[in-house]
$ cat protein-v3.txt   # compact mmCIF, C-alpha atoms
# COMPACT_ATOMS: atom_id res chain seq x y z
CA MET A 1 0.00 0.00 0.00
CA ASP A 2 3.01 2.34 0.37
CA THR A 3 2.99 2.75 -3.42
CA LEU A 4 -0.40 4.49 -3.20
CA LYS A 5 0.67 7.24 -0.80
CA GLY A 6 0.17 10.69 -2.29
CA LYS A 7 -1.71 9.44 -5.35
CA LYS A 8 -4.83 11.38 -6.36
CA LEU A 9 -8.16 9.57 -6.63
CA LEU A 10 -11.31 11.18 -8.05
CA VAL A 11 -14.55 9.70 -6.70
CA LEU A 12 -17.62 10.36 -8.84
CA GLY A 13 -20.65 11.15 -6.70
CA GLY A 14 -20.80 12.24 -3.07
CA LEU A 15 -23.70 10.33 -1.54
CA ALA A 16 -23.31 8.87 1.94
CA LEU A 17 -22.08 5.46 0.77
CA GLU A 18 -19.29 7.09 -1.26
CA SER A 19 -17.87 8.30 2.06
CA GLU A 20 -16.74 4.70 2.62
CA ILE A 21 -14.51 4.92 -0.46
CA VAL A 22 -13.18 8.32 0.62
CA THR A 23 -12.19 7.31 4.15
CA ARG A 24 -10.72 3.93 3.22
CA ALA A 25 -8.68 5.43 0.41
CA GLN A 26 -7.32 7.97 2.89
CA GLU A 27 -6.34 5.09 5.19
CA MET A 28 -4.24 3.86 2.27
CA GLY A 29 -2.47 7.23 2.01
CA VAL A 30 -4.47 8.44 -1.01
CA TYR A 31 -5.48 12.07 -1.63
CA VAL A 32 -9.22 11.92 -2.39
CA ILE A 33 -11.27 14.35 -4.48
CA VAL A 34 -15.07 14.10 -4.67
CA ALA A 35 -16.99 15.49 -7.66
CA ASP A 36 -20.74 16.17 -7.55
CA TYR A 37 -23.21 18.75 -8.85
CA ASN A 38 -24.65 19.10 -5.33
CA PRO A 39 -22.43 21.12 -2.95
CA ASN A 40 -24.11 19.60 0.11
CA VAL A 41 -23.40 15.89 -0.49
CA PRO A 42 -22.34 13.92 2.63
CA ALA A 43 -19.00 12.68 1.26
CA ARG A 44 -17.77 16.25 0.86
CA LYS A 45 -17.00 16.62 4.56
CA PHE A 46 -14.62 13.63 4.44
CA ALA A 47 -12.84 14.42 1.17
CA ASP A 48 -9.48 16.16 0.91
CA GLN A 49 -10.93 18.23 -1.93
CA PHE A 50 -14.38 18.82 -3.41
CA GLU A 51 -15.18 19.88 -6.96
CA LEU A 52 -18.55 21.22 -8.01
CA ILE A 53 -18.73 19.20 -11.22
CA SER A 54 -21.57 16.90 -12.20
CA ALA A 55 -20.47 13.27 -11.96
CA THR A 56 -22.05 12.72 -15.38
CA ASP A 57 -20.27 15.62 -17.14
CA VAL A 58 -17.56 13.60 -18.86
CA PRO A 59 -15.77 16.46 -20.73
CA ALA A 60 -15.54 18.58 -17.57
CA LEU A 61 -14.28 15.63 -15.54
CA VAL A 62 -11.65 14.77 -18.15
CA ASP A 63 -10.42 18.38 -18.22
CA PHE A 64 -10.24 18.47 -14.44
CA CYS A 65 -8.28 15.21 -14.24
CA LYS A 66 -5.75 16.43 -16.81
CA ARG A 67 -5.33 19.75 -15.04
CA GLU A 68 -4.98 18.21 -11.55
CA LYS A 69 -2.95 15.19 -12.70
CA VAL A 70 -5.41 12.71 -11.19
CA ASP A 71 -4.04 9.15 -10.95
CA GLY A 72 -7.33 7.24 -10.87
CA VAL A 73 -11.11 7.61 -11.13
CA THR A 74 -13.76 5.42 -9.54
CA THR A 75 -17.35 5.30 -8.42
CA GLY A 76 -18.76 2.86 -5.96
CA PHE A 77 -22.43 2.20 -5.47
CA ILE A 78 -24.43 4.08 -8.12
CA ASP A 79 -25.45 2.38 -11.37
CA ILE A 80 -25.95 5.57 -13.38
CA LEU A 81 -22.39 6.71 -12.68
CA MET A 82 -20.71 3.58 -14.03
CA GLN A 83 -20.95 4.68 -17.67
CA PRO A 84 -19.47 8.16 -17.01
CA CYS A 85 -16.71 6.54 -14.97
CA TYR A 86 -15.93 4.18 -17.85
CA ASP A 87 -15.95 7.05 -20.36
CA VAL A 88 -13.64 9.24 -18.27
CA CYS A 89 -11.16 6.43 -17.64
CA LYS A 90 -11.13 5.39 -21.29
CA GLU A 91 -10.48 8.97 -22.41
CA LEU A 92 -7.61 9.32 -19.94
CA GLY A 93 -6.17 5.82 -20.29
CA LEU A 94 -6.75 5.07 -16.60
CA PRO A 95 -7.63 1.65 -15.13
CA CYS A 96 -11.33 0.73 -15.22
CA TYR A 97 -12.48 -2.87 -14.97
CA PHE A 98 -15.90 -2.17 -16.48
CA THR A 99 -16.46 -3.39 -20.03
CA PRO A 100 -19.38 -2.38 -22.26
CA LYS A 101 -20.83 -5.87 -21.81
CA MET A 102 -20.61 -5.64 -18.02
CA LEU A 103 -22.39 -2.30 -18.09
CA SER A 104 -25.09 -3.66 -20.38
CA MET A 105 -25.77 -6.76 -18.26
CA SER A 106 -25.85 -4.63 -15.11
CA THR A 107 -28.34 -2.07 -16.42
CA ASN A 108 -30.31 -3.94 -19.09
CA LYS A 109 -32.35 -6.80 -17.63
CA VAL A 110 -33.10 -8.26 -21.07
CA ASP A 111 -29.41 -8.50 -21.97
CA PHE A 112 -28.69 -10.09 -18.59
CA LYS A 113 -31.34 -12.78 -19.05
CA ASP A 114 -30.54 -13.46 -22.71
CA THR A 115 -26.84 -13.83 -21.92
CA CYS A 116 -27.48 -16.13 -18.96
CA ASN A 117 -29.68 -18.33 -21.16
CA GLN A 118 -26.84 -18.67 -23.67
CA TYR A 119 -24.55 -20.12 -20.98
CA GLY A 120 -27.07 -22.25 -19.09
CA VAL A 121 -27.17 -19.95 -16.07
CA PRO A 122 -30.73 -20.21 -14.69
CA VAL A 123 -33.03 -17.16 -15.02
CA PRO A 124 -36.85 -16.77 -15.00
CA GLN A 125 -39.03 -16.81 -18.12
CA THR A 126 -40.11 -13.41 -19.44
CA TYR A 127 -43.60 -12.88 -20.89
CA PHE A 128 -43.51 -9.28 -22.08
CA ILE A 129 -41.39 -6.15 -22.29
CA GLY A 130 -42.79 -2.78 -23.27
CA GLU A 131 -44.77 0.30 -22.22
CA THR A 132 -48.32 -1.08 -22.31
CA ILE A 133 -49.55 -4.68 -22.05
CA PRO A 134 -51.09 -6.14 -25.24
CA ASP A 135 -54.36 -8.06 -24.77
CA GLU A 136 -52.87 -11.36 -25.97
CA ILE A 137 -50.33 -11.40 -23.13
CA TYR A 138 -53.00 -11.93 -20.47
CA GLY A 139 -53.81 -15.35 -21.89
CA LYS A 140 -50.20 -16.51 -21.55
CA ILE A 141 -49.76 -15.63 -17.90
CA SER A 142 -50.07 -17.93 -14.91
CA TYR A 143 -50.35 -15.88 -11.72
CA PRO A 144 -48.55 -14.84 -9.67
CA VAL A 145 -46.14 -12.95 -11.92
CA PHE A 146 -43.41 -10.44 -11.19
CA VAL A 147 -43.31 -6.94 -12.67
CA LYS A 148 -40.31 -4.60 -12.67
CA PRO A 149 -38.94 -1.61 -14.61
CA MET A 150 -36.47 -2.33 -17.37
CA ASP A 151 -33.80 0.00 -16.02
CA ALA A 152 -34.32 0.80 -12.35
CA SER A 153 -32.42 -0.54 -9.36
CA GLY A 154 -33.00 -1.10 -5.65
CA SER A 155 -36.39 -2.85 -6.14
CA ARG A 156 -38.04 0.48 -7.05
CA GLY A 157 -41.21 -0.16 -9.02
CA ALA A 158 -41.01 -3.94 -8.63
CA ALA A 159 -44.04 -5.91 -7.45
CA ILE A 160 -45.76 -9.29 -7.32
CA CYS A 161 -49.13 -9.48 -9.08
CA ASN A 162 -51.82 -12.06 -8.29
CA ASN A 163 -54.50 -11.00 -10.77
CA LYS A 164 -55.19 -8.78 -13.80
CA GLU A 165 -56.14 -5.72 -11.76
CA GLU A 166 -52.92 -5.86 -9.77
CA LEU A 167 -50.93 -6.47 -12.95
CA ASP A 168 -52.37 -3.41 -14.70
CA ASN A 169 -51.76 -1.15 -11.70
CA ARG A 170 -48.29 -2.43 -10.87
CA PHE A 171 -47.16 -2.46 -14.50
CA ALA A 172 -48.08 1.22 -14.87
CA GLU A 173 -46.16 2.00 -11.68
CA ALA A 174 -43.12 0.06 -12.91
CA VAL A 175 -43.17 2.03 -16.17
CA SER A 176 -43.15 5.27 -14.15
CA TYR A 177 -39.84 4.25 -12.56
CA SER A 178 -38.20 3.35 -15.88
CA VAL A 179 -35.95 5.82 -17.68
CA THR A 180 -36.97 4.30 -21.02
CA LYS A 181 -40.62 3.90 -19.91
CA ASN A 182 -40.54 0.15 -20.33
CA ALA A 183 -41.34 -2.61 -17.85
CA MET A 184 -41.27 -6.40 -17.96
CA ILE A 185 -43.44 -9.31 -16.79
CA GLU A 186 -41.76 -12.56 -15.78
CA ASP A 187 -42.19 -15.70 -13.70
CA TYR A 188 -42.57 -15.05 -10.01
CA LEU A 189 -39.64 -16.62 -8.19
CA TYR A 190 -40.30 -18.22 -4.84
CA GLY A 191 -38.04 -19.49 -2.09
CA ARG A 192 -35.26 -17.72 -0.21
CA GLU A 193 -33.82 -14.57 -1.75
CA PHE A 194 -30.02 -14.27 -1.73
CA LEU A 195 -27.30 -11.80 -2.68
CA MET A 196 -23.95 -13.11 -3.88
CA ASN A 197 -20.70 -11.12 -4.28
CA PHE A 198 -17.63 -11.95 -6.41
CA ILE A 199 -14.13 -10.63 -6.92
CA ALA A 200 -12.08 -11.17 -10.07
CA GLN A 201 -8.38 -10.87 -10.87
CA ASP A 202 -6.76 -11.72 -14.22
CA GLY A 203 -9.74 -13.79 -15.35
CA GLU A 204 -10.03 -15.82 -12.13
CA PHE A 205 -13.19 -15.51 -10.03
CA ARG A 206 -14.09 -16.13 -6.40
CA MET A 207 -17.51 -15.95 -4.80
CA ILE A 208 -16.73 -14.21 -1.51
CA SER A 209 -20.20 -14.09 0.05
CA MET A 210 -23.71 -15.46 -0.32
CA PHE A 211 -26.26 -13.96 2.06
CA ASP A 212 -29.81 -15.20 2.59
CA ARG A 213 -32.34 -12.43 3.14
CA TYR A 214 -35.29 -12.80 5.54
CA ALA A 215 -38.34 -10.57 5.88
CA CYS A 216 -41.05 -10.28 8.51
CA SER A 217 -44.47 -11.72 7.73
CA ASP A 218 -45.96 -8.23 7.29
CA ARG A 219 -43.72 -7.59 4.29
CA HIS A 220 -44.99 -9.88 1.54
CA GLY A 221 -43.69 -9.10 -1.92
CA VAL A 222 -40.61 -7.33 -3.11
CA ILE A 223 -38.16 -6.10 -0.49
CA ASN A 224 -35.24 -3.77 -0.88
CA TYR A 225 -33.84 -4.16 2.63
CA ALA A 226 -34.19 -7.48 4.44
CA ASN A 227 -35.12 -7.44 8.11
CA LEU A 228 -32.32 -9.96 8.61
CA ALA A 229 -29.55 -11.24 6.33
CA ILE A 230 -27.20 -14.13 7.10
CA GLY A 231 -24.14 -15.42 5.34
CA PRO A 232 -23.29 -18.02 4.31
CA SER A 233 -26.56 -18.95 2.63
CA THR A 234 -28.11 -22.35 3.21
CA ALA A 235 -27.73 -22.81 -0.58
CA VAL A 236 -23.99 -22.05 -0.71
CA GLY A 237 -23.05 -25.73 -1.05
CA TYR A 238 -25.50 -26.28 -3.91
CA TYR A 239 -24.22 -23.17 -5.67
CA LEU A 240 -20.57 -24.19 -5.40
CA ASN A 241 -21.24 -27.76 -6.57
CA GLU A 242 -23.83 -27.18 -9.30
CA VAL A 243 -23.77 -23.59 -10.56
CA ASN A 244 -20.41 -21.95 -9.87
CA ASP A 245 -18.67 -23.48 -12.91
CA LYS A 246 -21.43 -22.21 -15.24
CA VAL A 247 -21.20 -18.67 -13.85
CA ASN A 248 -17.40 -18.64 -14.08
CA HIS A 249 -17.54 -19.99 -17.64
CA MET A 250 -19.97 -17.21 -18.60
CA PHE A 251 -17.79 -14.52 -17.05
CA LYS A 252 -14.63 -15.82 -18.73
CA SER A 253 -16.29 -16.30 -22.12
CA LEU A 254 -17.56 -12.71 -22.02
CA GLY A 255 -14.05 -11.42 -21.41
CA PHE A 256 -14.55 -10.33 -17.82
CA LYS A 257 -11.14 -10.20 -16.15
CA ASP A 258 -11.08 -8.01 -13.06
CA GLY A 259 -13.41 -6.29 -10.66
CA LEU A 260 -16.39 -6.76 -8.39
CA TYR A 261 -19.65 -8.42 -9.39
CA PHE A 262 -22.86 -9.38 -7.65
CA LEU A 263 -25.73 -11.69 -8.53
CA GLN A 264 -29.17 -11.74 -6.91
CA GLY A 265 -31.63 -14.58 -7.04
CA PHE A 266 -33.78 -17.13 -5.23
CA SER A 267 -33.05 -20.62 -3.98
CA ASN A 268 -35.59 -23.39 -3.34
CA ASP A 269 -35.85 -27.18 -3.51
CA ASN A 270 -35.52 -27.02 -7.30
CA GLY A 271 -32.22 -25.14 -7.26
CA ILE A 272 -31.14 -21.55 -7.88
CA THR A 273 -32.50 -18.88 -10.24
CA PHE A 274 -30.86 -15.48 -10.82
CA TYR A 275 -32.73 -12.30 -11.65
CA GLU A 276 -30.13 -9.51 -11.59
CA MET A 277 -26.44 -8.70 -11.91
CA GLY A 278 -24.23 -5.74 -11.01
CA CYS A 279 -20.55 -4.92 -11.54
CA ARG A 280 -19.97 -2.48 -8.70
CA LEU A 281 -19.77 -2.33 -4.95
CA GLY A 282 -22.95 -3.37 -3.20
CA GLY A 283 -23.99 -1.26 -0.26
CA SER A 284 -24.49 -4.05 2.23
CA TYR A 285 -21.98 -6.71 3.24
CA TYR A 286 -18.42 -5.55 2.51
CA ASP A 287 -17.57 -5.06 6.20
CA LEU A 288 -18.82 -8.55 7.01
CA GLU A 289 -16.75 -10.00 4.16
CA ASN A 290 -13.73 -8.20 5.57
CA LYS A 291 -14.39 -9.49 9.09
CA CYS A 292 -15.09 -13.10 8.05
CA ILE A 293 -12.40 -13.67 5.41
CA GLY A 294 -10.11 -10.64 5.53
CA ILE A 295 -11.12 -9.25 2.13
CA ASP A 296 -12.07 -5.56 1.83
CA PRO A 297 -13.86 -4.93 -1.50
CA VAL A 298 -13.88 -1.15 -0.92
CA LYS A 299 -10.09 -0.99 -0.68
CA MET A 300 -9.85 -3.34 -3.67
CA THR A 301 -11.87 -0.80 -5.68
CA VAL A 302 -9.46 1.96 -4.68
CA ARG A 303 -6.41 -0.15 -5.43
CA TYR A 304 -7.66 -1.12 -8.88
CA ALA A 305 -8.46 2.47 -9.85
CA LEU A 306 -4.89 3.49 -9.02
CA THR A 307 -2.89 0.42 -10.10
CA GLY A 308 -5.06 -1.76 -12.36
CA LYS A 309 -4.83 -4.65 -9.90
CA MET A 310 -7.42 -5.84 -7.39
CA MET A 311 -5.13 -7.95 -5.19
CA ASP A 312 -1.77 -9.69 -5.24
CA ASP A 313 -2.80 -13.30 -5.84
CA ILE A 314 -6.40 -14.48 -6.16
CA HIS A 315 -5.16 -18.09 -6.34
CA SER A 316 -4.38 -17.88 -2.63
CA LEU A 317 -8.14 -17.87 -2.00
CA PRO A 318 -9.87 -21.29 -2.04
CA VAL A 319 -12.84 -21.73 -4.35
CA ASP A 320 -15.12 -22.08 -1.33
CA VAL A 321 -13.83 -18.95 0.43
CA GLY A 322 -17.42 -17.65 0.63
CA ASN A 323 -18.57 -20.62 2.70
CA TYR A 324 -17.77 -19.08 6.07
CA LYS A 325 -17.12 -21.06 9.21
CA ASN A 326 -18.97 -18.42 11.25
CA PHE A 327 -21.97 -16.22 10.42
CA GLY A 328 -22.06 -12.67 9.11
CA VAL A 329 -25.31 -10.98 10.13
CA CYS A 330 -27.08 -7.77 9.10
CA VAL A 331 -30.18 -6.59 10.97
CA ASN A 332 -32.27 -3.73 9.55
CA TYR A 333 -34.82 -1.79 11.56
CA LEU A 334 -37.33 -0.23 9.19
CA LEU A 335 -39.69 2.72 9.48
CA ILE A 336 -43.43 2.39 9.08
CA ALA A 337 -44.89 4.01 5.98
CA GLY A 338 -46.03 7.61 6.10
CA GLU A 339 -44.67 10.88 7.42
CA ASP A 340 -43.59 11.67 10.98
CA THR A 341 -40.92 13.20 13.20
CA ILE A 342 -38.60 11.12 15.37
CA GLY A 343 -38.95 11.93 19.05
CA LYS A 344 -36.56 9.50 20.73
CA ILE A 345 -34.22 6.64 19.81
CA THR A 346 -32.93 4.18 22.41
CA GLY A 347 -30.55 1.22 22.38
CA VAL A 348 -27.81 2.43 20.04
CA GLU A 349 -25.01 2.45 22.61
CA GLU A 350 -26.10 -0.88 24.08
CA ILE A 351 -25.90 -2.48 20.63
CA LYS A 352 -22.46 -1.01 20.00
CA GLY A 353 -21.29 -2.69 23.19
CA MET A 354 -22.07 -6.23 22.01
CA GLY A 355 -19.05 -8.49 21.58
CA SER A 356 -20.16 -9.51 18.08
CA PHE A 357 -20.70 -5.91 16.90
CA VAL A 358 -18.87 -4.87 13.71
CA LYS A 359 -20.52 -1.58 12.75
CA ASN A 360 -23.84 0.24 12.50
CA GLU A 361 -25.41 2.67 10.05
CA GLN A 362 -27.87 5.23 11.41
CA ARG A 363 -29.72 7.21 8.76
CA LEU A 364 -31.99 9.45 10.85
CA PHE A 365 -31.69 10.95 14.31
CA GLU A 366 -33.89 12.44 17.03
CA GLY A 367 -35.72 15.49 15.69
CA ASP A 368 -35.49 14.40 12.03
CA SER A 369 -38.68 14.31 9.98
CA TYR A 370 -39.19 11.76 7.26
CA SER A 371 -41.48 10.65 4.49
CA THR A 372 -41.42 7.17 2.96
CA HIS A 373 -43.05 8.32 -0.29
CA ARG A 374 -41.48 6.38 -3.21
CA ILE A 375 -38.92 4.81 -0.87
CA VAL A 376 -38.93 1.02 -0.70
CA ASP A 377 -38.56 -0.28 2.87
CA TRP A 378 -36.07 2.30 4.05
CA PRO A 379 -34.23 1.42 7.30
CA ILE A 380 -33.43 3.94 9.99
CA PHE A 381 -30.81 1.70 11.61
CA SER A 382 -28.68 -1.22 10.43
CA VAL A 383 -26.44 -3.42 12.58
CA TYR A 384 -23.64 -5.65 11.28
CA SER A 385 -22.17 -8.41 13.44
CA VAL A 386 -20.27 -11.69 13.25
CA VAL A 387 -21.26 -14.63 15.46
CA ASP A 388 -19.90 -18.13 15.99
CA ASP A 389 -23.14 -20.11 15.82
CA MET A 390 -26.91 -19.93 15.51
CA GLU A 391 -27.45 -19.82 19.26
CA GLN A 392 -25.36 -16.67 19.58
CA LEU A 393 -27.14 -15.14 16.59
CA VAL A 394 -30.56 -15.69 18.17
CA ARG A 395 -29.41 -14.29 21.52
CA ASP A 396 -27.91 -11.19 19.94
CA VAL A 397 -30.89 -10.38 17.73
CA ASN A 398 -33.31 -10.88 20.63
CA TYR A 399 -31.19 -8.45 22.67
CA MET A 400 -31.14 -5.85 19.88
CA ASN A 401 -34.89 -6.18 19.40
CA ALA A 402 -35.43 -5.59 23.11
CA VAL A 403 -33.26 -2.48 23.47
CA PHE A 404 -33.75 -0.67 20.15
CA THR A 405 -36.79 1.62 19.91
CA VAL A 406 -37.85 4.60 17.82
CA ILE A 407 -40.87 6.66 18.90
CA ASN A 408 -42.49 9.93 17.84
CA LYS A 409 -43.28 12.84 20.17
CA ASP A 410 -46.51 11.11 21.23
CA GLY A 411 -44.72 7.92 22.26
CA LYS A 412 -45.92 5.90 19.26
CA SER A 413 -43.46 3.41 17.78
CA LEU A 414 -42.27 4.29 14.27
CA LEU A 415 -40.76 0.88 13.54
CA LYS A 416 -42.11 -1.90 11.38
CA ASP A 417 -42.27 -5.36 12.95
CA LYS A 418 -38.90 -6.69 14.12
CA PHE A 419 -37.74 -10.08 12.88
CA ASN A 420 -38.15 -12.91 15.39
CA PRO A 421 -34.83 -14.81 15.27
CA GLU A 422 -36.38 -17.93 16.84
CA LEU A 423 -37.96 -18.56 13.41
CA LEU A 424 -34.51 -19.28 12.01
CA TYR A 425 -34.49 -22.71 13.64
CA LYS A 426 -37.34 -23.63 11.25
CA LEU A 427 -36.27 -21.58 8.22
CA ARG A 428 -32.63 -22.68 8.01

$ encode --input "protein-v3.txt" --output "structure tokens"
Amino acid sequence: MDTLKGKKLLVLGGLALESEIVTRAQEMGVYVIVADYNPNVPARKFADQFELISATDVPALVDFCKREKVDGVTTGFIDILMQPCYDVCKELGLPCYFTPKMLSMSTNKVDFKDTCNQYGVPVPQTYFIGETIPDEIYGKISYPVFVKPMDASGSRGAAICNNKEELDNRFAEAVSYSVTKNAMIEDYLYGREFLMNFIAQDGEFRMISMFDRYACSDRHGVINYANLAIGPSTAVGYYLNEVNDKVNHMFKSLGFKDGLYFLQGFSNDNGITFYEMGCRLGGSYYDLENKCIGIDPVKMTVRYALTGKMMDDIHSLPVDVGNYKNFGVCVNYLLIAGEDTIGKITGVEEIKGMGSFVKNEQRLFEGDSYSTHRIVDWPIFSVYSVVDDMEQLVRDVNYMNAVFTVINKDGKSLLKDKFNPELLYKLR
């Protein structure tokens, strides 16, 4: 890491998650510049330098990098900034692991599914893609079906439909979230939802985490944030034995060589089915991956942007590195729908004192007002921990549930139902 000291890194976008890139790059001795059109973005207060340039203004960014002799450019968590990042790096001849095919599969759900079908990687059947549903499509559908925008992320506009009325309403809503004003109808996937992360170096790939996502019974349908996520997944063995070779073959055949990837899908008694891919940092489990296996994807992103190399030797990692011997756990406490003002929050310091505690993310504080309009299941507080066994997991989550509260000025709870960890003995 000594070779990175004093190098200049430009981070495109200054949202809260980008602060993770800023601070970790600084730990590596890097001088960090954040560019955003909004002068009030959270990452600005951590950066060594801030530039009031839109993160999508490629010519202005290129001129700035030439003038300031920037050594690398990256973006972390935002899909719409991947293309500008690629364009800037290509213009300047700087390292960028994105390829046009990666960007297409990450942002175009049709290309993702068509490509997976070519390589035998399981994906759901699609019935229709467009702006309005033709009459003949209704006769082909067996409910329930799943509707989602063609080009939105974070589960925005996605929904399960059980009849024609729901399909018409949800399809129109999905179209409203789409940049191209197109939505799709596909098989509804059932089972346990999972999120899987990969790293790649010189055309070699390792799955470094597979987290199962659990939701409370009051949250049927599409979820953005799970109430509880646990890695490794109960399906990790099946994936490694039956699917991993197909995924790796697809990646290699498409010319993917370096970088970070994620796949999302569902597992059930019939196997695994994928529904989405990304080629960027995910905003969820990188600290748990670091704690469980000593791999920090955020610092890997910084290193690649400045050197063109993710890590020293990926071959030192076993193929089953993502099958942890302990458990990484993420617990999300979510706000009820509507608008309100937070009166009091309790339990934060008690949770930080747990032996298994890794970190927390708190998004709102006492006195803050909020509205959940057009926000999918937005958490006020997330806790990340690592435990040795299921018994410790259950004890810890029960403790967190008991001490953490959020109420308004009238003493009414503002939290959705908390996940009962005792259910895990039946679900896992």

$ closest_atom_pairs --input "protein-v3.txt" --of "stretch 219-301 of chain A" --to "stretch 330-338 of chain A" --cutoff "8 Å" --atoms "all atoms listed in the file" --output "CSV"
residue,atom,partner,partner_atom,distance
A:Tyr225,CA,A:Asn332,CA,7.1
A:Ala226,CA,A:Asn332,CA,6.6
A:Asn227,CA,A:Asn332,CA,4.9
A:Leu228,CA,A:Val331,CA,4.6
A:Ala229,CA,A:Cys330,CA,5.1
A:Ile230,CA,A:Cys330,CA,6.7
A:Tyr285,CA,A:Cys330,CA,7.8

$ residues_around --input "protein-v3.txt" --residues "A:Asn40" --least-positions-apart "4" --cutoff "9 Å" --atoms "all atoms listed in the file" --output "list in words"
Gly14, Arg44 and Lys45 of chain A

$ closest_residue --input "protein-v3.txt" --among "A:Asp212, A:Asp368, A:Asp396, A:Glu422" --to "A:Lys409" --atoms "only C-alpha atoms"
A:Asp368

$ atom_distance --input "protein-v3.txt" --atom1 "atom CA of A:Val145" --atom2 "atom CA of A:Phe266"
14.7 Å

$ residues_around --input "protein-v3.txt" --residues "stretch 65-81 of chain A" --least-positions-apart "3" --cutoff "6 Å" --atoms "only C-alpha atoms" --output "ChimeraX atom specification"
/A:8-12,62,84,281,305-306

$ closest_atom_pairs --input "protein-v3.txt" --of "stretch 20-134 of chain A" --to "stretch 310-317 of chain A" --cutoff "12 Å" --atoms "all atoms listed in the file" --output "CSV"
residue,atom,partner,partner_atom,distance
A:Pro95,CA,A:Met310,CA,10.8
A:Cys96,CA,A:Met310,CA,10.9
A:Tyr97,CA,A:Met310,CA,9.6

$ closest_residue --input "protein-v3.txt" --among "A:Leu195, A:Asp340, A:Val348, A:Ala158" --to "A:Ser178" --atoms "only C-alpha atoms"
A:Ala158

$ residues_near_point --input "protein-v3.txt" --point "(-44.1, -8.9, -12.5)" --cutoff "10 Å" --atoms "all atoms listed in the file" --output "ChimeraX atom specification"
/A:126-128,143-149,157-162,166-167,170-171,174,183-189

$ closest_residue --input "protein-v3.txt" --among "A:Ala235, A:Ala16, A:Cys85, A:Ile141" --to "A:Ser267" --atoms "all atoms listed in the file"
A:Ala235

$ residues_around --input "protein-v3.txt" --residues "A:Lys109" --least-positions-apart "3" --cutoff "9 Å" --atoms "all atoms listed in the file" --output "list of chain:residue names"
A:Ser104, A:Met105, A:Ser106, A:Phe112, A:Lys113, A:Asp114, A:Pro149, A:Met150, A:Asp151, A:Met184, A:Tyr275, A:Glu276, A:Met277

$ residues_around --input "protein-v3.txt" --residues "A:Ile21" --least-positions-apart "3" --cutoff "8 Å" --atoms "all atoms listed in the file" --output "PyMOL selection string"
chain A and resi 11+17-18+24-25+76+298-299+302

$ closest_residue --input "protein-v3.txt" --among "A:Phe205, A:Tyr425, A:Tyr384, A:Tyr214" --to "A:Met250" --atoms "only C-alpha atoms"
A:Phe205

$ closest_residue --input "protein-v3.txt" --among "A:Gln264, A:Asn270, A:Ser217, A:Asn117" --to "A:Asp417" --atoms "only C-alpha atoms"
A:Ser217

$ closest_residue --input "protein-v3.txt" --among "A:Cys116, A:Cys292, A:Cys216, A:Val179" --to "A:Phe251" --atoms "all atoms listed in the file"
A:Cys116

$ decode --input "protein-v3.txt" --residues "stretch 289-318 of chain A" --atoms "C-alpha atoms" --output "PDB file, in the first residue's frame"
ATOM      1  CA  GLU A 289     -16.749 -10.004   4.163  1.00  0.00           C
ATOM      2  CA  ASN A 290     -13.728  -8.199   5.572  1.00  0.00           C
ATOM      3  CA  LYS A 291     -14.387  -9.486   9.092  1.00  0.00           C
ATOM      4  CA  CYS A 292     -15.093 -13.096   8.046  1.00  0.00           C
ATOM      5  CA  ILE A 293     -12.396 -13.674   5.409  1.00  0.00           C
ATOM      6  CA  GLY A 294     -10.110 -10.641   5.528  1.00  0.00           C
ATOM      7  CA  ILE A 295     -11.125  -9.251   2.128  1.00  0.00           C
ATOM      8  CA  ASP A 296     -12.069  -5.556   1.834  1.00  0.00           C
ATOM      9  CA  PRO A 297     -13.859  -4.926  -1.498  1.00  0.00           C
ATOM     10  CA  VAL A 298     -13.878  -1.152  -0.922  1.00  0.00           C
ATOM     11  CA  LYS A 299     -10.091  -0.988  -0.684  1.00  0.00           C
ATOM     12  CA  MET A 300      -9.852  -3.343  -3.668  1.00  0.00           C
ATOM     13  CA  THR A 301     -11.866  -0.803  -5.677  1.00  0.00           C
ATOM     14  CA  VAL A 302      -9.457   1.963  -4.680  1.00  0.00           C
ATOM     15  CA  ARG A 303      -6.411  -0.149  -5.434  1.00  0.00           C
ATOM     16  CA  TYR A 304      -7.661  -1.119  -8.879  1.00  0.00           C
ATOM     17  CA  ALA A 305      -8.460   2.475  -9.848  1.00  0.00           C
ATOM     18  CA  LEU A 306      -4.888   3.495  -9.016  1.00  0.00           C
ATOM     19  CA  THR A 307      -2.894   0.424 -10.096  1.00  0.00           C
ATOM     20  CA  GLY A 308      -5.057  -1.759 -12.357  1.00  0.00           C
ATOM     21  CA  LYS A 309      -4.831  -4.654  -9.902  1.00  0.00           C
ATOM     22  CA  MET A 310      -7.424  -5.843  -7.393  1.00  0.00           C
ATOM     23  CA  MET A 311      -5.132  -7.953  -5.187  1.00  0.00           C
ATOM     24  CA  ASP A 312      -1.770  -9.688  -5.242  1.00  0.00           C
ATOM     25  CA  ASP A 313      -2.804 -13.302  -5.835  1.00  0.00           C
ATOM     26  CA  ILE A 314      -6.398 -14.484  -6.157  1.00  0.00           C
ATOM     27  CA  HIS A 315      -5.160 -18.090  -6.344  1.00  0.00           C
ATOM     28  CA  SER A 316      -4.376 -17.880  -2.628  1.00  0.00           C
ATOM     29  CA  LEU A 317      -8.138 -17.872  -1.998  1.00  0.00           C
ATOM     30  CA  PRO A 318      -9.867 -21.291  -2.036  1.00  0.00           C
TER      31      PRO A 318
END
